[in-house]
$ cat my_file-v3.tsv   # TSV, C-alpha atoms
chain	number	residue	atom	x	y	z
A	1	MET	CA	-90.75	34.65	62.83
A	2	THR	CA	-92.63	34.37	66.11
A	3	ASN	CA	-91.96	30.65	66.50
A	4	LEU	CA	-88.29	30.93	65.62
A	5	LEU	CA	-87.60	33.72	68.09
A	6	ALA	CA	-89.78	32.48	70.90
A	7	HIS	CA	-87.91	29.67	72.69
A	8	ASP	CA	-90.10	30.68	75.60
A	9	HIS	CA	-90.07	29.05	79.00
A	10	ASP	CA	-93.75	28.24	79.50
A	11	ASP	CA	-94.49	25.56	82.05
A	12	ARG	CA	-98.16	25.57	81.07
A	13	HIS	CA	-97.27	23.15	78.26
A	14	ALA	CA	-95.43	20.72	80.50
A	15	SER	CA	-98.48	18.44	80.67
A	16	SER	CA	-98.39	17.94	76.90
A	17	PRO	CA	-97.11	14.44	76.04
A	18	ALA	CA	-94.75	15.87	73.42
A	19	LEU	CA	-93.17	18.17	75.97
A	20	ALA	CA	-93.29	15.91	79.01
A	21	PRO	CA	-90.00	15.35	80.88
A	22	ARG	CA	-88.09	12.25	79.92
A	23	ARG	CA	-88.26	9.25	82.23
A	24	GLY	CA	-85.62	9.48	84.88
A	25	PHE	CA	-85.90	13.27	85.17
A	26	ARG	CA	-88.15	14.86	87.73
A	27	ARG	CA	-90.06	18.00	86.77
A	28	GLY	CA	-87.68	20.98	86.83
A	29	SER	CA	-84.51	18.86	86.95
A	30	PHE	CA	-81.43	19.25	84.76
A	31	LEU	CA	-82.38	19.29	81.04
A	32	SER	CA	-85.83	17.91	81.86
A	33	GLY	CA	-87.43	20.45	79.52
A	34	LEU	CA	-85.68	19.12	76.41
A	35	GLY	CA	-88.38	16.53	75.90
A	36	GLY	CA	-85.94	14.10	74.32
A	37	GLN	CA	-84.43	16.60	71.88
A	38	PRO	CA	-80.63	16.80	71.54
A	39	ALA	CA	-78.99	19.43	73.73
A	40	PHE	CA	-76.93	20.80	70.84
A	41	GLY	CA	-79.62	20.44	68.21
A	42	PHE	CA	-80.33	24.12	67.76
A	43	ILE	CA	-77.48	26.40	68.86
A	44	GLY	CA	-77.88	29.35	66.53
A	45	PRO	CA	-75.76	32.48	66.19
A	46	ASN	CA	-78.30	34.33	68.35
A	47	TRP	CA	-76.70	32.70	71.41
A	48	PHE	CA	-73.73	35.04	71.02
A	49	ALA	CA	-75.99	37.91	72.05
A	50	SER	CA	-75.45	36.75	75.64
A	51	VAL	CA	-71.70	37.37	75.22
A	52	MET	CA	-72.41	40.83	73.84
A	53	GLY	CA	-74.80	41.66	76.66
A	54	THR	CA	-72.45	40.43	79.37
A	55	GLY	CA	-69.34	42.08	77.93
A	56	ILE	CA	-70.95	45.50	77.61
A	57	VAL	CA	-71.62	45.48	81.36
A	58	ALA	CA	-67.85	45.41	81.91
A	59	THR	CA	-66.82	47.88	79.20
A	60	ALA	CA	-69.57	50.36	80.07
A	61	ALA	CA	-68.41	50.35	83.69
A	62	ALA	CA	-64.89	51.28	82.62
A	63	THR	CA	-66.12	54.34	80.71
A	64	LEU	CA	-68.58	55.72	83.27
A	65	PRO	CA	-67.83	59.35	84.14
A	66	VAL	CA	-68.39	58.54	87.82
A	67	GLN	CA	-66.45	55.65	89.35
A	68	PHE	CA	-67.92	53.99	92.43
A	69	PRO	CA	-65.93	51.90	94.93
A	70	GLY	CA	-65.56	48.33	93.69
A	71	LEU	CA	-66.96	49.11	90.24
A	72	LEU	CA	-63.81	48.24	88.30
A	73	ALA	CA	-63.29	45.07	90.33
A	74	PHE	CA	-66.85	44.12	89.47
A	75	ALA	CA	-66.19	44.91	85.81
A	76	ARG	CA	-63.12	42.68	85.75
A	77	THR	CA	-65.10	39.82	87.26
A	78	VAL	CA	-67.82	40.23	84.66
A	79	TRP	CA	-65.24	40.34	81.87
A	80	VAL	CA	-63.65	37.08	83.04
A	81	LEU	CA	-67.14	35.56	83.14
A	82	ASP	CA	-67.70	36.82	79.61
A	83	VAL	CA	-64.50	35.15	78.39
A	84	VAL	CA	-65.71	31.86	79.85
A	85	LEU	CA	-69.14	32.40	78.30
A	86	LEU	CA	-67.62	33.07	74.88
A	87	LEU	CA	-65.55	29.88	75.06
A	88	ALA	CA	-68.60	27.87	76.16
A	89	ILE	CA	-70.79	29.13	73.32
A	90	VAL	CA	-68.03	28.65	70.74
A	91	ALA	CA	-67.69	25.05	71.98
A	92	ALA	CA	-71.47	24.52	71.90
A	93	THR	CA	-71.61	25.97	68.38
A	94	ALA	CA	-68.82	23.63	67.27
A	95	MET	CA	-70.75	20.68	68.72
A	96	HIS	CA	-73.88	21.86	66.91
A	97	TRP	CA	-72.07	22.06	63.56
A	98	SER	CA	-70.44	18.69	64.14
A	99	ARG	CA	-73.59	16.81	65.13
A	100	HIS	CA	-76.26	18.71	63.20
A	101	PRO	CA	-74.60	20.13	60.08
A	102	ALA	CA	-77.81	20.35	58.04
A	103	THR	CA	-79.52	22.49	60.68
A	104	ALA	CA	-76.40	24.62	61.10
A	105	ARG	CA	-76.11	25.30	57.38
A	106	GLY	CA	-79.77	26.25	57.30
A	107	HIS	CA	-79.33	29.22	59.65
A	108	LEU	CA	-78.08	31.46	56.85
A	109	ASP	CA	-81.03	30.56	54.64
A	110	ASN	CA	-83.53	31.32	57.38
A	111	PRO	CA	-85.04	34.81	56.90
A	112	VAL	CA	-84.97	35.46	60.66
A	113	MET	CA	-82.02	33.57	62.13
A	114	SER	CA	-79.61	34.66	59.38
A	115	HIS	CA	-79.62	38.25	60.67
A	116	PHE	CA	-78.21	37.11	63.99
A	117	TYR	CA	-74.93	36.16	62.33
A	118	GLY	CA	-73.90	39.66	63.29
A	119	ALA	CA	-73.87	38.58	66.95
A	120	PRO	CA	-70.69	36.42	66.85
A	121	ALA	CA	-68.72	39.29	65.29
A	122	MET	CA	-69.85	41.77	67.93
A	123	ALA	CA	-69.29	39.23	70.71
A	124	LEU	CA	-65.64	38.81	69.70
A	125	MET	CA	-65.01	42.54	69.62
A	126	THR	CA	-66.80	43.14	72.92
A	127	VAL	CA	-64.56	40.64	74.69
A	128	GLY	CA	-61.51	42.15	72.97
A	129	ALA	CA	-62.37	45.71	74.00
A	130	GLY	CA	-62.96	44.51	77.56
A	131	ALA	CA	-59.46	43.05	77.61
A	132	VAL	CA	-57.96	46.51	77.08
A	133	LEU	CA	-60.42	48.48	79.20
A	134	VAL	CA	-60.65	46.24	82.27
A	135	GLY	CA	-58.70	43.03	81.65
A	136	GLN	CA	-55.12	44.31	81.81
A	137	PRO	CA	-54.74	43.79	85.58
A	138	VAL	CA	-55.94	40.22	85.08
A	139	ILE	CA	-53.88	39.03	82.10
A	140	GLY	CA	-51.27	41.76	81.66
A	141	THR	CA	-50.98	44.64	79.23
A	142	THR	CA	-49.23	42.79	76.41
A	143	ALA	CA	-51.67	39.89	76.49
A	144	ALA	CA	-54.65	42.24	76.67
A	145	ILE	CA	-53.55	44.23	73.63
A	146	GLY	CA	-52.71	41.07	71.72
A	147	LEU	CA	-56.06	39.49	72.56
A	148	ASP	CA	-57.91	42.61	71.51
A	149	ALA	CA	-55.99	42.78	68.23
A	150	VAL	CA	-56.87	39.17	67.39
A	151	LEU	CA	-60.54	39.41	68.39
A	152	TRP	CA	-61.02	42.84	66.79
A	153	THR	CA	-59.53	41.62	63.51
A	154	ALA	CA	-61.60	38.42	63.50
A	155	GLY	CA	-64.76	40.28	64.49
A	156	THR	CA	-64.20	42.97	61.88
A	157	VAL	CA	-63.68	40.48	59.05
A	158	LEU	CA	-66.73	38.48	60.12
A	159	GLY	CA	-68.78	41.66	60.55
A	160	LEU	CA	-67.92	42.96	57.08
A	161	TRP	CA	-68.95	39.57	55.70
A	162	THR	CA	-72.32	39.67	57.48
A	163	ALA	CA	-72.91	43.26	56.32
A	164	VAL	CA	-72.75	42.02	52.72
A	165	ALA	CA	-73.85	38.38	52.83
A	166	VAL	CA	-76.98	38.67	54.97
A	167	PRO	CA	-78.54	41.65	53.15
A	168	TYR	CA	-77.72	39.88	49.87
A	169	LYS	CA	-79.62	36.80	51.06
A	170	THR	CA	-82.50	39.05	52.15
A	171	PHE	CA	-82.61	40.77	48.75
A	172	MET	CA	-82.20	37.67	46.60
A	173	THR	CA	-83.44	34.50	48.32
A	174	HIS	CA	-85.35	35.17	51.55
A	175	ASP	CA	-89.13	35.25	51.60
A	176	VAL	CA	-89.81	38.79	52.85
A	177	GLU	CA	-93.32	39.92	53.74
A	178	PRO	CA	-94.54	43.53	54.15
A	179	ASP	CA	-94.43	43.10	57.94
A	180	SER	CA	-91.10	41.24	58.07
A	181	ALA	CA	-88.86	44.13	59.15
A	182	PHE	CA	-87.82	43.82	62.81
A	183	GLY	CA	-84.95	44.92	65.02
A	184	GLY	CA	-82.92	41.88	64.08
A	185	TRP	CA	-82.46	43.30	60.59
A	186	LEU	CA	-79.91	45.65	62.14
A	187	MET	CA	-77.73	42.85	63.51
A	188	PRO	CA	-75.71	42.09	60.34
A	189	VAL	CA	-74.92	45.76	59.58
A	190	VAL	CA	-74.03	46.95	63.10
A	191	PRO	CA	-70.72	45.02	63.56
A	192	PRO	CA	-68.71	47.52	61.47
A	193	MET	CA	-69.86	50.25	63.87
A	194	VAL	CA	-68.56	48.18	66.77
A	195	SER	CA	-65.29	47.95	64.84
A	196	ALA	CA	-65.31	51.72	64.44
A	197	ALA	CA	-65.97	52.29	68.15
A	198	THR	CA	-63.40	49.82	69.48
A	199	GLY	CA	-60.70	50.06	66.80
A	200	PRO	CA	-59.31	53.31	68.25
A	201	LEU	CA	-58.23	51.35	71.34
A	202	LEU	CA	-55.58	49.74	69.13
A	203	ILE	CA	-54.40	52.86	67.27
A	204	PRO	CA	-51.94	54.04	69.98
A	205	HIS	CA	-50.28	50.62	69.89
A	206	LEU	CA	-49.58	50.71	66.15
A	207	PRO	CA	-46.49	52.28	64.56
A	208	ALA	CA	-46.97	56.00	63.93
A	209	GLY	CA	-47.64	57.08	60.39
A	210	GLN	CA	-49.41	54.99	57.79
A	211	TRP	CA	-50.40	52.17	60.15
A	212	GLN	CA	-52.28	54.48	62.51
A	213	LEU	CA	-53.67	56.53	59.64
A	214	THR	CA	-54.97	53.43	57.86
A	215	LEU	CA	-56.79	52.12	60.92
A	216	GLN	CA	-58.24	55.56	61.67
A	217	LEU	CA	-59.59	55.88	58.13
A	218	LEU	CA	-60.89	52.31	57.99
A	219	CYS	CA	-62.77	52.79	61.26
A	220	THR	CA	-64.24	56.05	59.96
A	221	ALA	CA	-65.36	54.35	56.74
A	222	MET	CA	-67.00	51.54	58.75
A	223	PHE	CA	-68.77	54.20	60.81
A	224	GLY	CA	-70.32	55.49	57.59
A	225	LEU	CA	-71.17	51.98	56.39
A	226	THR	CA	-73.26	51.21	59.43
A	227	ILE	CA	-74.86	54.57	60.15
A	228	ILE	CA	-76.33	54.89	56.65
A	229	ALA	CA	-77.44	51.25	56.44
A	230	SER	CA	-78.92	51.47	59.95
A	231	LEU	CA	-80.95	54.58	59.18
A	232	VAL	CA	-82.44	52.78	56.18
A	233	VAL	CA	-83.38	49.75	58.30
A	234	ILE	CA	-84.72	51.90	61.16
A	235	ALA	CA	-87.00	53.65	58.68
A	236	LEU	CA	-88.30	50.24	57.55
A	237	ILE	CA	-88.93	49.21	61.17
A	238	TRP	CA	-90.73	52.49	61.86
A	239	GLY	CA	-92.90	51.93	58.79
A	240	ARG	CA	-93.72	48.38	59.85
A	241	LEU	CA	-94.72	49.57	63.32
A	242	ALA	CA	-96.96	52.25	61.82
A	243	ARG	CA	-98.63	49.89	59.35
A	244	HIS	CA	-98.68	46.54	61.15
A	245	GLY	CA	-98.24	47.30	64.86
A	246	ALA	CA	-95.70	45.96	67.33
A	247	GLY	CA	-96.24	42.32	66.42
A	248	ALA	CA	-95.95	39.23	68.60
A	249	ALA	CA	-94.89	39.67	72.21
A	250	SER	CA	-91.80	37.48	71.77
A	251	THR	CA	-90.40	39.91	69.16
A	252	ILE	CA	-90.98	43.10	71.19
A	253	PRO	CA	-87.49	43.02	72.81
A	254	THR	CA	-85.89	43.28	69.35
A	255	LEU	CA	-87.13	46.88	69.16
A	256	TRP	CA	-84.34	47.67	71.63
A	257	ILE	CA	-81.76	46.61	69.04
A	258	VAL	CA	-82.35	49.98	67.36
A	259	LEU	CA	-80.51	51.59	70.28
A	260	GLY	CA	-77.41	49.60	69.31
A	261	PRO	CA	-76.34	51.51	66.20
A	262	LEU	CA	-77.51	54.78	67.75
A	263	GLY	CA	-75.52	54.42	70.97
A	264	GLN	CA	-72.56	52.79	69.27
A	265	SER	CA	-72.36	55.57	66.69
A	266	ILE	CA	-72.16	58.15	69.49
A	267	THR	CA	-69.42	56.07	71.10
A	268	ALA	CA	-67.56	55.73	67.81
A	269	GLY	CA	-67.79	59.46	67.18
A	270	HIS	CA	-66.14	60.07	70.54
A	271	THR	CA	-63.42	57.42	70.29
A	272	LEU	CA	-62.53	58.29	66.70
A	273	GLY	CA	-62.41	61.97	67.61
A	274	ALA	CA	-60.07	61.23	70.52
A	275	THR	CA	-57.46	59.64	68.25
A	276	ALA	CA	-57.99	61.87	65.20
A	277	THR	CA	-55.96	64.83	66.50
A	278	SER	CA	-52.80	62.73	66.75
A	279	VAL	CA	-53.31	60.81	63.51
A	280	LEU	CA	-54.90	63.15	60.97
A	281	PRO	CA	-53.25	66.36	59.75
A	282	ALA	CA	-54.68	69.75	60.68
A	283	PRO	CA	-57.38	70.88	60.41
A	284	TYR	CA	-59.02	67.48	59.92
A	285	GLY	CA	-58.01	66.01	63.27
A	286	THR	CA	-59.61	68.86	65.18
A	287	ALA	CA	-62.64	68.71	62.90
A	288	PHE	CA	-63.17	65.03	63.65
A	289	GLU	CA	-62.80	65.68	67.37
A	290	ALA	CA	-65.48	68.36	67.18
A	291	ALA	CA	-67.66	66.16	64.97
A	292	GLY	CA	-67.90	63.61	67.75
A	293	LEU	CA	-69.87	66.11	69.82
A	294	VAL	CA	-71.70	67.80	66.93
A	295	PHE	CA	-72.94	64.39	65.76
A	296	GLY	CA	-73.30	62.79	69.16
A	297	VAL	CA	-75.68	65.16	70.89
A	298	PRO	CA	-78.40	65.16	68.18
A	299	MET	CA	-78.12	61.39	67.83
A	300	TRP	CA	-78.41	61.07	71.61
A	301	GLY	CA	-81.68	62.96	71.35
A	302	PHE	CA	-83.05	60.43	68.87
A	303	ALA	CA	-81.78	57.56	71.01
A	304	THR	CA	-83.72	58.88	74.01
A	305	LEU	CA	-86.84	59.18	71.84
A	306	TRP	CA	-86.50	55.57	70.70
A	307	ALA	CA	-85.79	54.44	74.26
A	308	ALA	CA	-89.03	56.08	75.40
A	309	LEU	CA	-90.99	54.35	72.62
A	310	ALA	CA	-89.34	51.00	73.33
A	311	ILE	CA	-90.06	51.27	77.06
A	312	THR	CA	-93.72	52.13	76.45
A	313	ILE	CA	-94.26	49.28	73.99
A	314	THR	CA	-92.38	46.80	76.19
A	315	VAL	CA	-94.35	47.70	79.32
A	316	ARG	CA	-97.59	47.21	77.41
A	317	ALA	CA	-96.41	43.83	76.12
A	318	ALA	CA	-95.24	42.77	79.60
A	319	ARG	CA	-98.64	43.55	81.06
A	320	ALA	CA	-100.23	41.37	78.38
A	321	GLY	CA	-97.80	38.54	79.13
A	322	MET	CA	-94.46	38.61	77.32
A	323	PRO	CA	-92.78	35.17	77.35
A	324	PHE	CA	-89.10	34.91	78.15
A	325	ALA	CA	-86.91	34.26	75.11
A	326	LEU	CA	-83.33	34.75	74.00
A	327	THR	CA	-84.52	38.00	72.40
A	328	TRP	CA	-84.54	39.45	75.93
A	329	TRP	CA	-80.77	39.90	75.52
A	330	SER	CA	-81.79	42.82	73.33
A	331	PHE	CA	-82.38	44.68	76.61
A	332	THR	CA	-78.64	44.59	77.38
A	333	PHE	CA	-76.06	45.33	74.68
A	334	PRO	CA	-78.02	48.14	72.97
A	335	VAL	CA	-78.57	49.87	76.31
A	336	GLY	CA	-74.88	49.42	77.09
A	337	THR	CA	-73.94	51.25	73.89
A	338	VAL	CA	-76.09	54.16	75.02
A	339	VAL	CA	-74.16	54.12	78.31
A	340	THR	CA	-70.78	54.27	76.54
A	341	GLY	CA	-72.02	56.92	74.14
A	342	THR	CA	-73.44	59.05	76.93
A	343	SER	CA	-70.22	58.64	78.91
A	344	GLY	CA	-68.31	59.90	75.89
A	345	LEU	CA	-70.51	62.97	75.69
A	346	ALA	CA	-69.99	63.57	79.41
A	347	ALA	CA	-66.22	63.34	78.97
A	348	ALA	CA	-66.31	65.78	76.05
A	349	THR	CA	-68.59	68.37	77.65
A	350	GLY	CA	-68.34	67.91	81.41
A	351	ALA	CA	-72.13	68.29	81.45
A	352	HIS	CA	-73.88	66.97	84.55
A	353	LEU	CA	-76.79	66.10	82.27
A	354	PHE	CA	-74.78	63.41	80.51
A	355	THR	CA	-73.02	62.27	83.68
A	356	GLY	CA	-76.33	61.63	85.42
A	357	ALA	CA	-77.87	60.04	82.33
A	358	ALA	CA	-74.90	57.67	81.93
A	359	VAL	CA	-75.24	56.48	85.53
A	360	LEU	CA	-79.00	56.10	85.14
A	361	PHE	CA	-78.68	54.09	81.93
A	362	TYR	CA	-76.00	51.91	83.53
A	363	ALA	CA	-78.27	51.18	86.49
A	364	GLY	CA	-80.95	50.08	84.04
A	365	LEU	CA	-78.40	47.95	82.21
A	366	LEU	CA	-77.45	46.17	85.44
A	367	VAL	CA	-81.09	45.39	86.23
A	368	ALA	CA	-81.73	44.10	82.71
A	369	TRP	CA	-78.55	42.04	82.60
A	370	GLY	CA	-79.14	40.47	86.01
A	371	THR	CA	-82.71	39.54	85.10
A	372	VAL	CA	-81.90	38.10	81.69
A	373	ALA	CA	-78.77	36.28	82.86
A	374	VAL	CA	-80.64	34.52	85.69
A	375	ARG	CA	-83.53	33.52	83.47
A	376	THR	CA	-81.20	32.32	80.72
A	377	THR	CA	-79.22	30.21	83.18
A	378	HIS	CA	-82.45	28.70	84.47
A	379	GLY	CA	-83.70	28.03	80.93
A	380	VAL	CA	-80.45	26.34	79.92
A	381	TYR	CA	-80.32	24.25	83.09
A	382	GLN	CA	-83.83	22.94	82.52
A	383	GLY	CA	-83.32	22.67	78.76
A	384	HIS	CA	-86.20	24.84	77.58
A	385	LEU	CA	-83.93	27.32	75.81
A	386	LEU	CA	-82.04	24.52	74.06
A	387	LYS	CA	-85.07	23.17	72.24
A	388	ALA	CA	-85.65	23.74	68.55
A	389	PRO	CA	-88.34	26.33	67.81
A	390	ALA	CA	-91.85	24.96	67.58

$ encode --input "my_file-v3.tsv" --output "structure tokens"
Amino acid sequence: MTNLLAHDHDDRHASSPALAPRRGFRRGSFLSGLGGQPAFGFIGPNWFASVMGTGIVATAAATLPVQFPGLLAFARTVWVLDVVLLLAIVAATAMHWSRHPATARGHLDNPVMSHFYGAPAMALMTVGAGAVLVGQPVIGTTAAIGLDAVLWTAGTVLGLWTAVAVPYKTFMTHDVEPDSAFGGWLMPVVPPMVSAATGPLLIPHLPAGQWQLTLQLLCTAMFGLTIIASLVVIALIWGRLARHGAGAASTIPTLWIVLGPLGQSITAGHTLGATATSVLPAPYGTAFEAAGLVFGVPMWGFATLWAALAITITVRAARAGMPFALTWWSFTFPVGTVVTGTSGLAAATGAHLFTGAAVLFYAGLLVAWGTVAVRTTHGVYQGHLLKAPA
């Protein structure tokens, strides 16, 4: 697992003949770190985590309980960048499947990489939600709603497939060791929660009656699908930490993935509650609205506990030397879901506690996103992140 997730940028190995820059490239020049490997030789589904992490910066800004001058303009710019990023990674993935079909087909059979098939589904829905929340002034209301409907539907179908197919592969064919559980195990089961959190954006645009009711109930069912499956996986991760420790430094960032289903469930509780009163008959609509807060505050407490543990373990790993890898994108999207969830609690209660916490979490998200985005761009430019795992 360590080798597959690493993809680290470590110039100490540059003197190795196998990793030396190709002739014609100076050290540090464009794609010099590929060492002769094909640029599209290993574009796995984990690359879509960068779309998730970038998109949540835009959507979280739109939901903040405090709006700062220029924040929405910044969010729109980030969303446009995210659209371009999604198109680029889809194109790179298509090239990978076209030129290296055997490697591409092997991702699902890999006991580590297969879990990251949840990332494309969540990437699609993140871009779609951003279209409604911040993209309307850019592309127009009709186009924004249409784009969200298409991406939400595609992401939901793909996410439901990953929630079944990847655990099935884990149960039946993958080689699973006692210390195998890691944050990535959550990736295939979290997409339905993203569907539950973002689906309510489409409910007001559907015909009243059965159409709205069906989407409301489907989103609620997907909420249950993910929250129960996630709690099972989180328990396995907790047990692995207790018995086997934090593991290799390159896998430490995946501990932050746990915040994803926690924060997204709080967000979903709020968004589903907001639409329930106009869709569900009394007293169920009001009950669901109240449930968003009754569920959200206790879950927020657990999310802050896990955040504290993740910060402590990450700081320790960083001091020991934690190599940069694509897993660092785990510092972004999960934190962004805590921002949106906390913003929802602030909107429901008017509590300064949640308002301040949402702003604080968003500031941390911006720092993490800026750091990871710059290092990823640098790694892609030099080619280190495009290499197959050692």

$ atom_distance --input "my_file-v3.tsv" --atom1 "CA of Leu186 in chain A" --atom2 "CA of Leu305 in chain A"
18.0 Å

$ closest_residue --input "my_file-v3.tsv" --among "A:Gly128, A:Trp152, A:Tyr117, A:Leu293" --to "Ala165 in chain A" --atoms "all atoms listed in the file"
A:Tyr117

$ residues_around --input "my_file-v3.tsv" --residues "Trp256 in chain A" --least-positions-apart "6" --cutoff "12 Å" --atoms "all atoms listed in the file" --output "PyMOL selection string"
chain A and resi 182-184+186-187+234+237+262-263+303-314+327-338+368

$ atom_distance --input "my_file-v3.tsv" --atom1 "CA of Ala144 in chain A" --atom2 "CA of Val132 in chain A"
5.4 Å

$ closest_residue --input "my_file-v3.tsv" --among "A:Gly146, A:Gly155, A:Gly130, A:Pro111" --to "Asp175 in chain A" --atoms "only C-alpha atoms"
A:Pro111

$ residues_around --input "my_file-v3.tsv" --residues "Phe361 in chain A" --least-positions-apart "2" --cutoff "9 Å" --atoms "only C-alpha atoms" --output "ChimeraX atom specification"
/A:335-336,338-339,342,356-359,363-366

$ closest_atom_pairs --input "my_file-v3.tsv" --of "range 159-200 of chain A" --to "range 274-290 of chain A" --cutoff "12 Å" --atoms "only C-alpha atoms" --output "tab-separated table"
residue	atom	partner	partner_atom	distance
A:Ala196	CA	A:Thr275	CA	11.8
A:Ala197	CA	A:Ala274	CA	11.0
A:Thr198	CA	A:Thr275	CA	11.5
A:Gly199	CA	A:Thr275	CA	10.2
A:Pro200	CA	A:Thr275	CA	6.6

$ closest_residue --input "my_file-v3.tsv" --among "A:Asn46, A:Thr340, A:Thr376, A:Gln382" --to "Thr254 in chain A" --atoms "only C-alpha atoms"
A:Asn46

$ atom_distance --input "my_file-v3.tsv" --atom1 "CA of Gly44 in chain A" --atom2 "CA of Met172 in chain A"
22.0 Å

$ closest_residue --input "my_file-v3.tsv" --among "A:Gly296, A:Gly247, A:Gly344, A:Pro261" --to "Leu231 in chain A" --atoms "only C-alpha atoms"
A:Pro261

$ closest_residue --input "my_file-v3.tsv" --among "A:Ser230, A:Ile145, A:Gly239, A:Lys169" --to "Leu206 in chain A" --atoms "only C-alpha atoms"
A:Ile145

$ residues_around --input "my_file-v3.tsv" --residues "Val166 in chain A" --least-positions-apart "6" --cutoff "8 Å" --atoms "all atoms listed in the file" --output "number ranges by chain"
A: 108, 114-115, 188

$ residues_around --input "my_file-v3.tsv" --residues "Val189 in chain A" --least-positions-apart "2" --cutoff "12 Å" --atoms "only C-alpha atoms" --output "number ranges by chain"
A: 115-119, 121-122, 156, 158-168, 183-187, 191-195, 222-234, 257-258, 260-261

$ closest_residue --input "my_file-v3.tsv" --among "A:Asn110, A:Ala129, A:Gly135, A:Leu236" --to "Leu202 in chain A" --atoms "all atoms listed in the file"
A:Ala129

$ residues_near_point --input "my_file-v3.tsv" --point "(-84.1, 26.3, 73.7)" --cutoff "9 Å" --atoms "only C-alpha atoms" --output "list of chain:residue names"
A:Ala6, A:His7, A:Asp8, A:His9, A:Gly33, A:Leu34, A:Ala39, A:Phe42, A:Ile43, A:Ala325, A:Leu326, A:Gly379, A:Val380, A:Gly383, A:His384, A:Leu385, A:Leu386, A:Lys387, A:Ala388, A:Pro389

$ axis_aligned_box --input "my_file-v3.tsv" --around "range 272-285 of chain A" --padding-each-side "4 Å" --output "lines of an AutoDock Vina configuration file"
center_x = -57.7
center_y = 64.6
center_z = 65.1
size_x = 17.7
size_y = 20.6
size_z = 18.8

$ residues_around --input "my_file-v3.tsv" --residues "Met52 in chain A" --least-positions-apart "3" --cutoff "6 Å" --atoms "all atoms listed in the file" --output "VMD selection string"
chain A and resid 49 55 123 333

$ residues_near_point --input "my_file-v3.tsv" --point "(-92.1, 37.0, 78.0)" --cutoff "8 Å" --atoms "all atoms listed in the file" --output "PDB file with C-alpha atoms, in the frame of the given file"
ATOM      1  CA  ASP A   8     -90.100  30.680  75.600  1.00  0.00           C
ATOM      2  CA  ALA A 249     -94.890  39.670  72.210  1.00  0.00           C
ATOM      3  CA  SER A 250     -91.800  37.480  71.770  1.00  0.00           C
ATOM      4  CA  ALA A 318     -95.240  42.770  79.600  1.00  0.00           C
ATOM      5  CA  GLY A 321     -97.800  38.540  79.130  1.00  0.00           C
ATOM      6  CA  MET A 322     -94.460  38.610  77.320  1.00  0.00           C
ATOM      7  CA  PRO A 323     -92.780  35.170  77.350  1.00  0.00           C
ATOM      8  CA  PHE A 324     -89.100  34.910  78.150  1.00  0.00           C
ATOM      9  CA  ALA A 325     -86.910  34.260  75.110  1.00  0.00           C
TER      10      ALA A 325
END
